[in-house]
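Asker: Got start_27.cif for you, mmCIF, C-alpha atoms and all ligand atoms:
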data_entry
#
loop_
_atom_site.group_PDB
_atom_site.id
_atom_site.type_symbol
_atom_site.label_atom_id
_atom_site.label_comp_id
_atom_site.auth_asym_id
_atom_site.auth_seq_id
_atom_site.Cartn_x
_atom_site.Cartn_y
_atom_site.Cartn_z
ATOM 1 C CA MET A 1 10.864 21.887 40.876
ATOM 2 C CA PRO A 2 12.093 18.961 38.777
ATOM 3 C CA HIS A 3 10.446 18.825 35.388
ATOM 4 C CA GLU A 4 10.005 15.950 32.980
ATOM 5 C CA GLN A 5 12.853 15.451 30.537
ATOM 6 C CA PRO A 6 12.435 13.977 27.033
ATOM 7 C CA GLN A 7 12.154 10.173 27.034
ATOM 8 C CA THR A 8 11.799 9.400 23.331
ATOM 9 C CA GLN A 9 12.859 10.856 19.977
ATOM 10 C CA SER A 10 10.115 12.810 18.293
ATOM 11 C CA THR A 11 10.392 10.863 15.063
ATOM 12 C CA ASN A 12 11.734 7.667 13.568
ATOM 13 C CA ILE A 13 11.517 8.736 9.937
ATOM 14 C CA HIS A 14 13.975 10.335 7.545
ATOM 15 C CA HIS A 15 13.426 11.305 3.914
ATOM 16 C CA LEU A 16 16.025 11.273 1.155
ATOM 17 C CA ARG A 17 15.352 12.432 -2.388
ATOM 18 C CA VAL A 18 16.712 10.136 -5.088
ATOM 19 C CA GLY A 19 15.904 11.787 -8.417
ATOM 20 C CA ASP A 20 12.120 11.856 -8.736
ATOM 21 C CA PHE A 21 11.712 9.339 -5.905
ATOM 22 C CA VAL A 22 11.738 9.873 -2.141
ATOM 23 C CA VAL A 23 13.223 7.096 -0.025
ATOM 24 C CA THR A 24 12.110 7.214 3.606
ATOM 25 C CA THR A 25 13.932 5.361 6.344
ATOM 26 C CA ILE A 26 11.583 4.216 9.091
ATOM 27 C CA GLN A 27 13.407 2.897 12.126
ATOM 28 C CA ASP A 28 11.455 -0.101 13.364
ATOM 29 C CA ALA A 29 13.554 -1.116 16.360
ATOM 30 C CA TYR A 30 16.818 -0.731 18.221
ATOM 31 C CA LEU A 31 17.589 -4.247 19.325
ATOM 32 C CA GLN A 32 19.868 -5.726 21.913
ATOM 33 C CA GLY A 33 22.754 -7.466 20.142
ATOM 34 C CA GLY A 34 25.808 -9.249 21.424
ATOM 35 C CA PHE A 35 29.445 -9.807 20.502
ATOM 36 C CA GLY A 36 28.670 -13.498 20.018
ATOM 37 C CA LEU A 37 26.936 -12.648 16.728
ATOM 38 C CA ILE A 38 30.381 -12.524 15.119
ATOM 39 C CA THR A 39 31.581 -16.100 14.862
ATOM 40 C CA ASN A 40 35.009 -16.070 13.182
ATOM 41 C CA LEU A 41 36.999 -13.177 14.670
ATOM 42 C CA ASP A 42 38.788 -13.380 17.993
ATOM 43 C CA ASP A 43 37.152 -11.630 20.933
ATOM 44 C CA SER A 44 39.805 -8.964 21.303
ATOM 45 C CA THR A 45 39.477 -7.846 17.660
ATOM 46 C CA VAL A 46 35.713 -7.529 18.039
ATOM 47 C CA GLN A 47 35.968 -5.723 21.394
ATOM 48 C CA ASP A 48 38.641 -3.317 20.117
ATOM 49 C CA LEU A 49 36.668 -2.334 17.013
ATOM 50 C CA HIS A 50 33.552 -1.889 19.099
ATOM 51 C CA ALA A 51 35.312 0.198 21.754
ATOM 52 C CA ALA A 52 36.814 2.406 19.020
ATOM 53 C CA SER A 53 33.279 3.199 17.792
ATOM 54 C CA ARG A 54 32.206 4.676 21.190
ATOM 55 C CA ARG A 55 28.930 2.757 21.040
ATOM 56 C CA PRO A 56 27.019 1.386 24.016
ATOM 57 C CA THR A 57 28.121 -1.974 25.356
ATOM 58 C CA PRO A 58 26.755 -4.619 24.890
ATOM 59 C CA PRO A 59 26.160 -3.636 21.270
ATOM 60 C CA LYS A 60 22.725 -2.576 20.040
ATOM 61 C CA ILE A 61 21.483 -3.264 16.507
ATOM 62 C CA THR A 62 19.425 -0.806 14.488
ATOM 63 C CA LEU A 63 16.559 -2.184 12.405
ATOM 64 C CA ASN A 64 15.246 -0.015 9.570
ATOM 65 C CA CYS A 65 12.587 -0.383 6.904
ATOM 66 C CA TYR A 66 12.684 1.679 3.704
ATOM 67 C CA LEU A 67 9.691 3.197 1.952
ATOM 68 C CA VAL A 68 10.203 4.132 -1.700
ATOM 69 C CA ASP A 69 7.736 6.704 -3.020
ATOM 70 C CA THR A 70 8.040 6.791 -6.811
ATOM 71 C CA GLY A 71 5.304 9.402 -7.198
ATOM 72 C CA ASP A 72 2.808 6.796 -8.389
ATOM 73 C CA GLU A 73 3.537 3.921 -5.988
ATOM 74 C CA ARG A 74 4.503 3.570 -2.332
ATOM 75 C CA ILE A 75 6.705 0.508 -1.959
ATOM 76 C CA LEU A 76 7.864 -0.798 1.381
ATOM 77 C CA ILE A 77 11.190 -2.642 1.338
ATOM 78 C CA ASP A 78 10.850 -4.964 4.344
ATOM 79 C CA THR A 79 8.456 -4.550 7.238
ATOM 80 C CA GLY A 80 10.426 -4.916 10.468
ATOM 81 C CA LEU A 81 9.629 -7.278 13.311
ATOM 82 C CA GLY A 82 5.889 -6.634 13.642
ATOM 83 C CA VAL A 83 4.163 -9.269 15.746
ATOM 84 C CA LEU A 84 7.386 -11.238 16.016
ATOM 85 C CA VAL A 85 8.872 -8.523 18.219
ATOM 86 C CA GLY A 86 9.561 -8.690 21.931
ATOM 87 C CA ASP A 87 9.327 -5.373 23.730
ATOM 88 C CA GLU A 88 11.956 -3.480 21.684
ATOM 89 C CA GLY A 89 9.805 -2.144 18.794
ATOM 90 C CA ALA A 90 8.109 -2.305 16.365
ATOM 91 C CA ARG A 91 7.648 1.242 15.166
ATOM 92 C CA LEU A 92 6.950 0.839 11.445
ATOM 93 C CA GLU A 93 3.276 1.727 11.769
ATOM 94 C CA ALA A 94 4.025 4.674 14.058
ATOM 95 C CA GLY A 95 6.411 5.958 11.391
ATOM 96 C CA LEU A 96 3.804 5.548 8.652
ATOM 97 C CA SER A 97 1.197 7.424 10.700
ATOM 98 C CA GLU A 98 3.714 10.164 11.392
ATOM 99 C CA MET A 99 3.838 10.574 7.599
ATOM 100 C CA GLY A 100 0.046 10.668 7.457
ATOM 101 C CA LEU A 101 -0.076 7.232 5.823
ATOM 102 C CA SER A 102 -2.251 4.285 6.697
ATOM 103 C CA ARG A 103 -1.866 0.597 5.873
ATOM 104 C CA ALA A 104 -4.008 1.103 2.758
ATOM 105 C CA ASP A 105 -1.493 3.583 1.333
ATOM 106 C CA ILE A 106 1.147 0.884 0.841
ATOM 107 C CA ASP A 107 0.823 -0.340 -2.750
ATOM 108 C CA ARG A 108 3.473 -3.028 -2.698
ATOM 109 C CA VAL A 109 5.945 -4.741 -0.394
ATOM 110 C CA ILE A 110 9.301 -6.047 -1.608
ATOM 111 C CA LEU A 111 11.321 -8.306 0.706
ATOM 112 C CA THR A 112 15.107 -8.471 0.789
ATOM 113 C CA HIS A 113 15.019 -11.872 2.484
ATOM 114 C CA SER A 114 12.897 -13.904 4.848
ATOM 115 C CA HIS A 115 14.330 -13.372 8.327
ATOM 116 C CA PRO A 116 11.790 -12.541 11.053
ATOM 117 C CA ASP A 117 13.065 -8.960 11.537
ATOM 118 C CA HIS A 118 12.233 -8.217 7.892
ATOM 119 C CA LEU A 119 8.851 -9.858 7.358
ATOM 120 C CA GLY A 120 7.184 -9.878 10.794
ATOM 121 C CA GLY A 121 5.446 -6.580 10.034
ATOM 122 C CA LEU A 122 3.407 -8.246 7.270
ATOM 123 C CA ILE A 123 0.898 -9.872 9.644
ATOM 124 C CA ASP A 124 -1.115 -8.994 12.720
ATOM 125 C CA LYS A 125 -1.470 -11.141 15.824
ATOM 126 C CA ASP A 126 -4.316 -13.086 14.220
ATOM 127 C CA ASP A 127 -2.128 -13.845 11.195
ATOM 128 C CA LYS A 128 -4.100 -11.488 8.952
ATOM 129 C CA PRO A 129 -2.130 -9.471 6.359
ATOM 130 C CA ILE A 130 -1.429 -5.917 7.538
ATOM 131 C CA PHE A 131 -1.337 -4.626 3.946
ATOM 132 C CA PRO A 132 -4.125 -6.701 2.328
ATOM 133 C CA GLN A 133 -4.131 -4.766 -0.947
ATOM 134 C CA ALA A 134 -0.343 -4.931 -1.437
ATOM 135 C CA ASP A 135 1.387 -7.675 -3.365
ATOM 136 C CA VAL A 136 4.415 -9.039 -1.543
ATOM 137 C CA TRP A 137 7.358 -9.567 -3.877
ATOM 138 C CA VAL A 138 9.971 -12.055 -2.727
ATOM 139 C CA PRO A 139 13.211 -13.196 -4.416
ATOM 140 C CA ALA A 140 12.528 -16.578 -6.043
ATOM 141 C CA GLY A 141 15.298 -18.383 -4.170
ATOM 142 C CA GLU A 142 13.975 -17.110 -0.835
ATOM 143 C CA LEU A 143 10.533 -18.550 -1.451
ATOM 144 C CA ALA A 144 12.016 -21.844 -2.635
ATOM 145 C CA PHE A 145 14.253 -22.187 0.438
ATOM 146 C CA TRP A 146 11.979 -20.983 3.236
ATOM 147 C CA ARG A 147 8.811 -22.640 1.933
ATOM 148 C CA GLY A 148 10.730 -25.901 1.518
ATOM 149 C CA ASP A 149 11.617 -28.559 4.060
ATOM 150 C CA VAL A 150 13.600 -27.602 7.134
ATOM 151 C CA PRO A 151 17.076 -29.173 6.789
ATOM 152 C CA ALA A 152 17.427 -32.217 9.046
ATOM 153 C CA ASP A 153 20.513 -30.748 10.738
ATOM 154 C CA ALA A 154 18.969 -27.291 11.288
ATOM 155 C CA SER A 155 19.812 -25.476 14.531
ATOM 156 C CA ASP A 156 17.007 -24.270 16.818
ATOM 157 C CA MET A 157 17.630 -20.751 15.509
ATOM 158 C CA LEU A 158 17.176 -21.850 11.892
ATOM 159 C CA ARG A 159 14.056 -23.858 12.811
ATOM 160 C CA ASN A 160 12.558 -20.758 14.443
ATOM 161 C CA GLN A 161 13.391 -18.687 11.361
ATOM 162 C CA PHE A 162 11.673 -21.279 9.158
ATOM 163 C CA ALA A 163 8.609 -21.265 11.412
ATOM 164 C CA SER A 164 8.326 -17.447 11.268
ATOM 165 C CA ALA A 165 8.837 -17.300 7.494
ATOM 166 C CA GLN A 166 6.318 -20.075 6.830
ATOM 167 C CA ARG A 167 3.772 -18.495 9.163
ATOM 168 C CA VAL A 168 4.024 -15.152 7.341
ATOM 169 C CA PHE A 169 4.140 -16.640 3.829
ATOM 170 C CA ASP A 170 1.090 -18.806 4.581
ATOM 171 C CA ALA A 171 -0.810 -15.796 5.943
ATOM 172 C CA CYS A 172 0.080 -13.723 2.847
ATOM 173 C CA ALA A 173 -0.176 -16.589 0.337
ATOM 174 C CA ALA A 174 -2.830 -14.871 -1.780
ATOM 175 C CA ASN A 175 -0.548 -11.848 -2.337
ATOM 176 C CA LEU A 176 2.852 -13.515 -2.718
ATOM 177 C CA ARG A 177 4.708 -12.781 -5.959
ATOM 178 C CA GLU A 178 7.975 -14.419 -6.897
ATOM 179 C CA ILE A 179 10.647 -12.058 -8.260
ATOM 180 C CA GLU A 180 11.860 -13.660 -11.466
ATOM 181 C CA ASN A 181 13.204 -10.656 -13.345
ATOM 182 C CA ASP A 182 15.641 -8.363 -11.622
ATOM 183 C CA GLU A 183 13.998 -5.247 -13.016
ATOM 184 C CA ILE A 184 10.990 -5.059 -10.711
ATOM 185 C CA ARG A 185 9.726 -1.788 -12.141
ATOM 186 C CA PRO A 186 11.427 1.185 -13.793
ATOM 187 C CA GLY A 187 13.877 2.526 -11.205
ATOM 188 C CA ILE A 188 13.955 -0.520 -8.903
ATOM 189 C CA THR A 189 16.352 -3.351 -9.750
ATOM 190 C CA ARG A 190 17.239 -6.372 -7.646
ATOM 191 C CA TYR A 191 20.920 -6.688 -6.670
ATOM 192 C CA PRO A 192 21.689 -10.278 -5.613
ATOM 193 C CA LEU A 193 23.669 -10.589 -2.352
ATOM 194 C CA PRO A 194 23.531 -14.324 -1.637
ATOM 195 C CA GLY A 195 25.014 -15.903 1.470
ATOM 196 C CA HIS A 196 23.320 -14.168 4.377
ATOM 197 C CA THR A 197 20.345 -16.209 3.171
ATOM 198 C CA PRO A 198 20.204 -18.208 -0.085
ATOM 199 C CA ASP A 199 18.674 -15.402 -2.204
ATOM 200 C CA HIS A 200 19.306 -12.392 0.055
ATOM 201 C CA SER A 201 18.879 -9.340 -2.200
ATOM 202 C CA GLY A 202 19.505 -5.640 -2.252
ATOM 203 C CA TYR A 203 17.603 -3.200 -4.450
ATOM 204 C CA ARG A 204 19.067 -0.394 -6.488
ATOM 205 C CA ILE A 205 16.837 2.665 -6.590
ATOM 206 C CA ALA A 206 17.591 4.827 -9.642
ATOM 207 C CA SER A 207 15.766 7.903 -10.813
ATOM 208 C CA ASN A 208 16.674 10.876 -12.942
ATOM 209 C CA GLY A 209 20.432 10.337 -12.713
ATOM 210 C CA GLU A 210 20.581 9.556 -8.979
ATOM 211 C CA ASN A 211 21.052 6.162 -7.292
ATOM 212 C CA LEU A 212 20.801 4.525 -3.896
ATOM 213 C CA LEU A 213 21.659 0.888 -3.308
ATOM 214 C CA ILE A 214 19.522 -0.512 -0.491
ATOM 215 C CA ALA A 215 21.812 -3.302 0.649
ATOM 216 C CA ALA A 216 19.635 -5.111 3.206
ATOM 217 C CA ASP A 217 21.684 -7.149 5.738
ATOM 218 C CA ILE A 218 25.072 -6.380 4.192
ATOM 219 C CA VAL A 219 26.180 -5.638 7.781
ATOM 220 C CA HIS A 220 24.669 -6.333 11.215
ATOM 221 C CA LEU A 221 27.361 -4.719 13.371
ATOM 222 C CA PRO A 222 28.637 -1.870 11.169
ATOM 223 C CA GLN A 223 31.367 -0.928 13.641
ATOM 224 C CA ILE A 224 32.927 -4.363 12.998
ATOM 225 C CA GLN A 225 31.967 -5.374 9.478
ATOM 226 C CA PHE A 226 33.007 -2.286 7.506
ATOM 227 C CA ALA A 227 36.532 -2.623 8.872
ATOM 228 C CA ARG A 228 36.371 -6.428 8.701
ATOM 229 C CA PRO A 229 34.071 -7.460 5.836
ATOM 230 C CA ASP A 230 35.361 -11.010 6.358
ATOM 231 C CA ALA A 231 33.440 -11.236 9.660
ATOM 232 C CA HIS A 232 30.838 -14.001 9.741
ATOM 233 C CA VAL A 233 27.505 -13.450 11.461
ATOM 234 C CA MET A 234 25.700 -16.308 13.183
ATOM 235 C CA PHE A 235 22.562 -15.652 11.073
ATOM 236 C CA ASP A 236 24.339 -16.279 7.734
ATOM 237 C CA THR A 237 23.155 -19.468 6.020
ATOM 238 C CA ASP A 238 26.424 -19.531 4.011
ATOM 239 C CA PRO A 239 28.927 -17.235 5.762
ATOM 240 C CA ALA A 240 31.705 -17.626 3.174
ATOM 241 C CA GLN A 241 29.343 -16.667 0.354
ATOM 242 C CA ALA A 242 28.006 -13.756 2.453
ATOM 243 C CA VAL A 243 31.582 -12.472 2.809
ATOM 244 C CA ARG A 244 32.113 -12.658 -0.970
ATOM 245 C CA SER A 245 28.875 -10.717 -1.555
ATOM 246 C CA ARG A 246 29.864 -8.077 1.031
ATOM 247 C CA GLN A 247 33.415 -7.693 -0.329
ATOM 248 C CA ALA A 248 32.144 -7.321 -3.895
ATOM 249 C CA LEU A 249 29.524 -4.733 -2.948
ATOM 250 C CA PHE A 250 31.930 -2.685 -0.801
ATOM 251 C CA ALA A 251 34.552 -2.711 -3.571
ATOM 252 C CA GLU A 252 31.969 -1.619 -6.140
ATOM 253 C CA VAL A 253 30.469 1.277 -4.183
ATOM 254 C CA ALA A 254 33.835 2.446 -2.785
ATOM 255 C CA GLU A 255 34.941 2.763 -6.410
ATOM 256 C CA SER A 256 31.727 4.263 -7.815
ATOM 257 C CA GLY A 257 30.834 6.527 -4.881
ATOM 258 C CA GLU A 258 27.220 5.319 -4.962
ATOM 259 C CA PRO A 259 25.435 5.781 -1.621
ATOM 260 C CA ILE A 260 24.122 2.712 0.167
ATOM 261 C CA ALA A 261 21.435 2.060 2.733
ATOM 262 C CA GLY A 262 21.315 -0.876 5.142
ATOM 263 C CA HIS A 263 18.573 -2.342 7.279
ATOM 264 C CA HIS A 264 21.020 -2.637 10.204
ATOM 265 C CA ILE A 265 23.021 0.536 9.572
ATOM 266 C CA ASP A 266 22.352 3.174 12.227
ATOM 267 C CA PHE A 267 19.433 5.504 11.534
ATOM 268 C CA PRO A 268 18.885 6.881 9.001
ATOM 269 C CA GLY A 269 21.011 4.054 7.638
ATOM 270 C CA ILE A 270 22.352 5.891 4.569
ATOM 271 C CA GLY A 271 25.897 6.796 3.630
ATOM 272 C CA TYR A 272 29.029 6.102 1.663
ATOM 273 C CA VAL A 273 31.640 3.351 1.788
ATOM 274 C CA VAL A 274 35.291 4.284 1.396
ATOM 275 C CA ALA A 275 38.382 2.080 1.355
ATOM 276 C CA ASP A 276 40.398 2.255 4.584
ATOM 277 C CA GLY A 277 43.525 0.130 4.980
ATOM 278 C CA ASP A 278 42.637 -3.521 4.415
ATOM 279 C CA GLY A 279 38.945 -2.807 4.959
ATOM 280 C CA TYR A 280 36.418 -0.024 4.594
ATOM 281 C CA ARG A 281 34.866 2.838 6.514
ATOM 282 C CA PHE A 282 31.273 4.097 6.483
ATOM 283 C CA LEU A 283 30.618 7.828 6.097
ATOM 284 C CA PRO A 284 27.087 8.644 7.238
ATOM 285 C CA HIS A 285 24.837 10.798 5.097
ATOM 286 C CA VAL A 286 24.520 14.317 6.491
ATOM 287 C CA TRP A 287 21.010 15.209 7.627
ATOM 288 C CA SER A 288 19.342 18.058 5.798
ATOM 289 C CA PRO A 289 16.082 19.786 6.722
ATOM 290 C CA PHE A 290 15.066 19.824 3.054
ATOM 291 C CA VAL A 291 13.967 16.737 1.107
HETATM 292 ZN ZN ZN A 301 18.790 -11.253 7.975
HETATM 293 ZN ZN ZN A 302 18.108 -8.375 9.494
#
Let me see whether you can do it: turn the structure in this file into structure tokens.

Answerer:
Amino acid sequence: MPHEQPQTQSTNIHHLRVGDFVVTTIQDAYLQGGFGLITNLDDSTVQDLHAASRRPTPPKITLNCYLVDTGDERILIDTGLGVLVGDEGARLEAGLSEMGLSRADIDRVILTHSHPDHLGGLIDKDDKPIFPQADVWVPAGELAFWRGDVPADASDMLRNQFASAQRVFDACAANLREIENDEIRPGITRYPLPGHTPDHSGYRIASNGENLLIAADIVHLPQIQFARPDAHVMFDTDPAQAVRSRQALFAEVAESGEPIAGHHIDFPGIGYVVADGDGYRFLPHVWSPFV
């Protein structure tokens, strides 16, 4: 008799201890991507790098959120697609419930930037805040740009991104906090990575001698952009500046050995960057049953 085989993974969460903190990756979605996301490399380069990675074609894109538990605060770094999702997610809340957490257990939200796949999880379908007791901290330049006027020459994609950001920021207006000082609290420091969006930011988590640099959208297609950090992505508001930010970060962490996390690096989205020829290579963190 045929029996039923597994259809889903049993969990979308992964814990990593960083000193006295625990950083949990919660995979929100696994999205359909496309080679057209890369705008400045020739097709054969993109196809060859992708084929060498043995990934499914057309390419899929992982979307993670990160929960930082400091022991006295639970801080969510980005919230996934939420209501802005199609039918490919969003699993943030399922991940929180798997941990035994409810919406009320989130003390604070910090955003890396204002794209829909990072802030959609802040509101429900009636535009009510999902985490009403949590302040939402946003890099100052992100608020200034996305709450400002839509540029006259904006593409349809950029107009849609503005509409999503403004919808969420309006719904959460009472809780919005502008990040002015890079030290957000002891152990969490903003790391500016401008270019993907005007004030796109990573966050360095540091506790008791250990570090993790949560590097937000430093890559979208890791199989291409570690080897070719010069690759532009169609979502970048300033692709040349995004490349400079990516090159500088890769050079720094390849030298220092500091682990990084990325919202679009494959689950659990944590690992090391090493120099490899003219580019870099990503070495995934090895899963351990103990946190
Ligand atoms: Zn983005
Ligand atoms: Zn993103």

Asker: Measuring atom to atom with only C-alpha atoms, identify which of A:Asp182, A:Asp28, A:Asp48, A:Asp43 is nearest to Leu96 in chain A.

Answerer: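 Between A:Asp182, A:Asp28, A:Asp48, A:Asp43, the residue approaching Leu96 in chain A most closely is A:Asp28.
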
Asker: With ligand ZN 302 (chain A) as the partner and 12 Å as the cut-off, tabulate the residues of chain A that qualify, each row holding the nearest pair of atoms and their distance in Å to one decimal, using only C-alpha atoms and all ligand atoms, sorted by chain and rising number, as a tab-separated table.

Answerer:
residue	atom	partner	partner_atom	distance
A:Asp28	CA	A:ZN302	ZN	11.3
A:Ala29	CA	A:ZN302	ZN	11.0
A:Tyr30	CA	A:ZN302	ZN	11.7
A:Leu31	CA	A:ZN302	ZN	10.7
A:Gly33	CA	A:ZN302	ZN	11.7
A:Ile61	CA	A:ZN302	ZN	9.3
A:Thr62	CA	A:ZN302	ZN	9.2
A:Leu63	CA	A:ZN302	ZN	7.0
A:Asn64	CA	A:ZN302	ZN	8.8
A:Cys65	CA	A:ZN302	ZN	10.1
A:Asp78	CA	A:ZN302	ZN	9.5
A:Thr79	CA	A:ZN302	ZN	10.6
A:Gly80	CA	A:ZN302	ZN	8.5
A:Leu81	CA	A:ZN302	ZN	9.4
A:Leu111	CA	A:ZN302	ZN	11.1
A:Thr112	CA	A:ZN302	ZN	9.2
A:His113	CA	A:ZN302	ZN	8.4
A:Ser114	CA	A:ZN302	ZN	8.9
A:His115	CA	A:ZN302	ZN	6.4
A:Pro116	CA	A:ZN302	ZN	7.7
A:Asp117	CA	A:ZN302	ZN	5.5
A:His118	CA	A:ZN302	ZN	6.1
A:Leu119	CA	A:ZN302	ZN	9.6
A:Gly120	CA	A:ZN302	ZN	11.1
A:Gln161	CA	A:ZN302	ZN	11.5
A:His196	CA	A:ZN302	ZN	9.3
A:Thr197	CA	A:ZN302	ZN	10.3
A:His200	CA	A:ZN302	ZN	10.3
A:Ser201	CA	A:ZN302	ZN	11.8
A:Ala215	CA	A:ZN302	ZN	10.8
A:Ala216	CA	A:ZN302	ZN	7.2
A:Asp217	CA	A:ZN302	ZN	5.3
A:Ile218	CA	A:ZN302	ZN	9.0
A:Val219	CA	A:ZN302	ZN	8.7
A:His220	CA	A:ZN302	ZN	7.1
A:Leu221	CA	A:ZN302	ZN	10.7
A:Val233	CA	A:ZN302	ZN	10.9
A:Met234	CA	A:ZN302	ZN	11.6
A:Phe235	CA	A:ZN302	ZN	8.7
A:Asp236	CA	A:ZN302	ZN	10.2
A:Gly262	CA	A:ZN302	ZN	9.2
A:His263	CA	A:ZN302	ZN	6.4
A:His264	CA	A:ZN302	ZN	6.5
A:Ile265	CA	A:ZN302	ZN	10.2

Asker: Taking the file above as input, evaluate the PyMOL selection byres (((chain A and resi 67) around 7) and not hetatm) and report the hits as a list in words.

Answerer: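 Applied to this file, the PyMOL selection byres (((chain A and resi 67) around 7) and not hetatm) returns Val23, Thr24, Thr25, Cys65, Tyr66, Val68, Asp69, Arg74, Ile75, Leu76 and Ile77 of chain A.
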
Asker: When the PyMOL selection byres (((chain A and resi 214) around 7) and not hetatm) is applied to the structure above, which residues does it catch, written out as a VMD selection string?

Answerer: chain A and resid 202 to 204 212 to 213 215 to 216 260 to 262

Asker: What lies within 12 Å of Met99 in chain A using only C-alpha atoms, ignoring chain neighbours under 2 positions off, as a PyMOL selection string?

Answerer: chain A and resi 11-15+24-26+67+69+92-97+101-103+105

Asker: Given the file shown, determine the residues that the PyMOL selection byres (((chain A and resi 282-290) around 6) and not hetatm) selects; report them as a compact mmCIF listing (two decimals) with C-alpha atoms, in the frame of the given file.

Answerer:
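Okay, out_27.txt is ready:
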# COMPACT_ATOMS: atom_id res chain seq x y z
CA ILE A 270 22.35 5.89 4.57
CA GLY A 271 25.90 6.80 3.63
CA TYR A 272 29.03 6.10 1.66
CA VAL A 273 31.64 3.35 1.79
CA ARG A 281 34.87 2.84 6.51
CA VAL A 291 13.97 16.74 1.11

Asker: Of the candidates A:Gly257, A:Pro129, A:Pro151, A:Pro194, which one gets nearest to ligand ZN 301 (chain A) if we count all atoms listed in the file?

Answerer: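 Using all atoms listed in the file, ligand ZN 301 (chain A) sits closest to A:Pro194.
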
Asker: Using all atoms listed in the file, pick whichever of A:Gly187, A:Glu142, A:Ala163, A:Asp238 has the shortest atom-to-atom distance to Asn208 in chain A.

Answerer: A:Gly187

Asker: Report, in Å to a single decimal, how far apart CA of Tyr191 in chain A and CA of Val274 in chain A are.

Answerer: 19.8 Å

Asker: Rank A:Glu98, A:Asp20, A:Asp42, A:Asp199 by their smallest atom-to-atom distance to ligand ZN 301 (chain A), using all atoms listed in the file, and report the top residue only.

Answerer: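 Comparing A:Glu98, A:Asp20, A:Asp42, A:Asp199 against ligand ZN 301 (chain A), the winner is A:Asp199.
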
Asker: Provide the CA of Lys128 in chain A to CA of Cys172 in chain A distance in Å, to one decimal place.

Answerer: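 Calculated distance between CA of Lys128 in chain A and CA of Cys172 in chain A is 7.7 Å.
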
Asker: Return the single residue from A:Gly195, A:Pro56, A:Pro132, A:Gly148 that is closest to ligand ZN 301 (chain A), with distances computed using only C-alpha atoms and all ligand atoms.

Answerer: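 Looking only at the distances to ligand ZN 301 (chain A), the closest residue turns out to be A:Gly195.
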
Asker: Mind checking which residues fall within 8 Å of Asp135 in chain A, counting only C-alpha atoms, ignoring those fewer than 5 positions away in the same chain, and posting them as a ChimeraX atom specification?

Answerer: /A:107-109,175-177
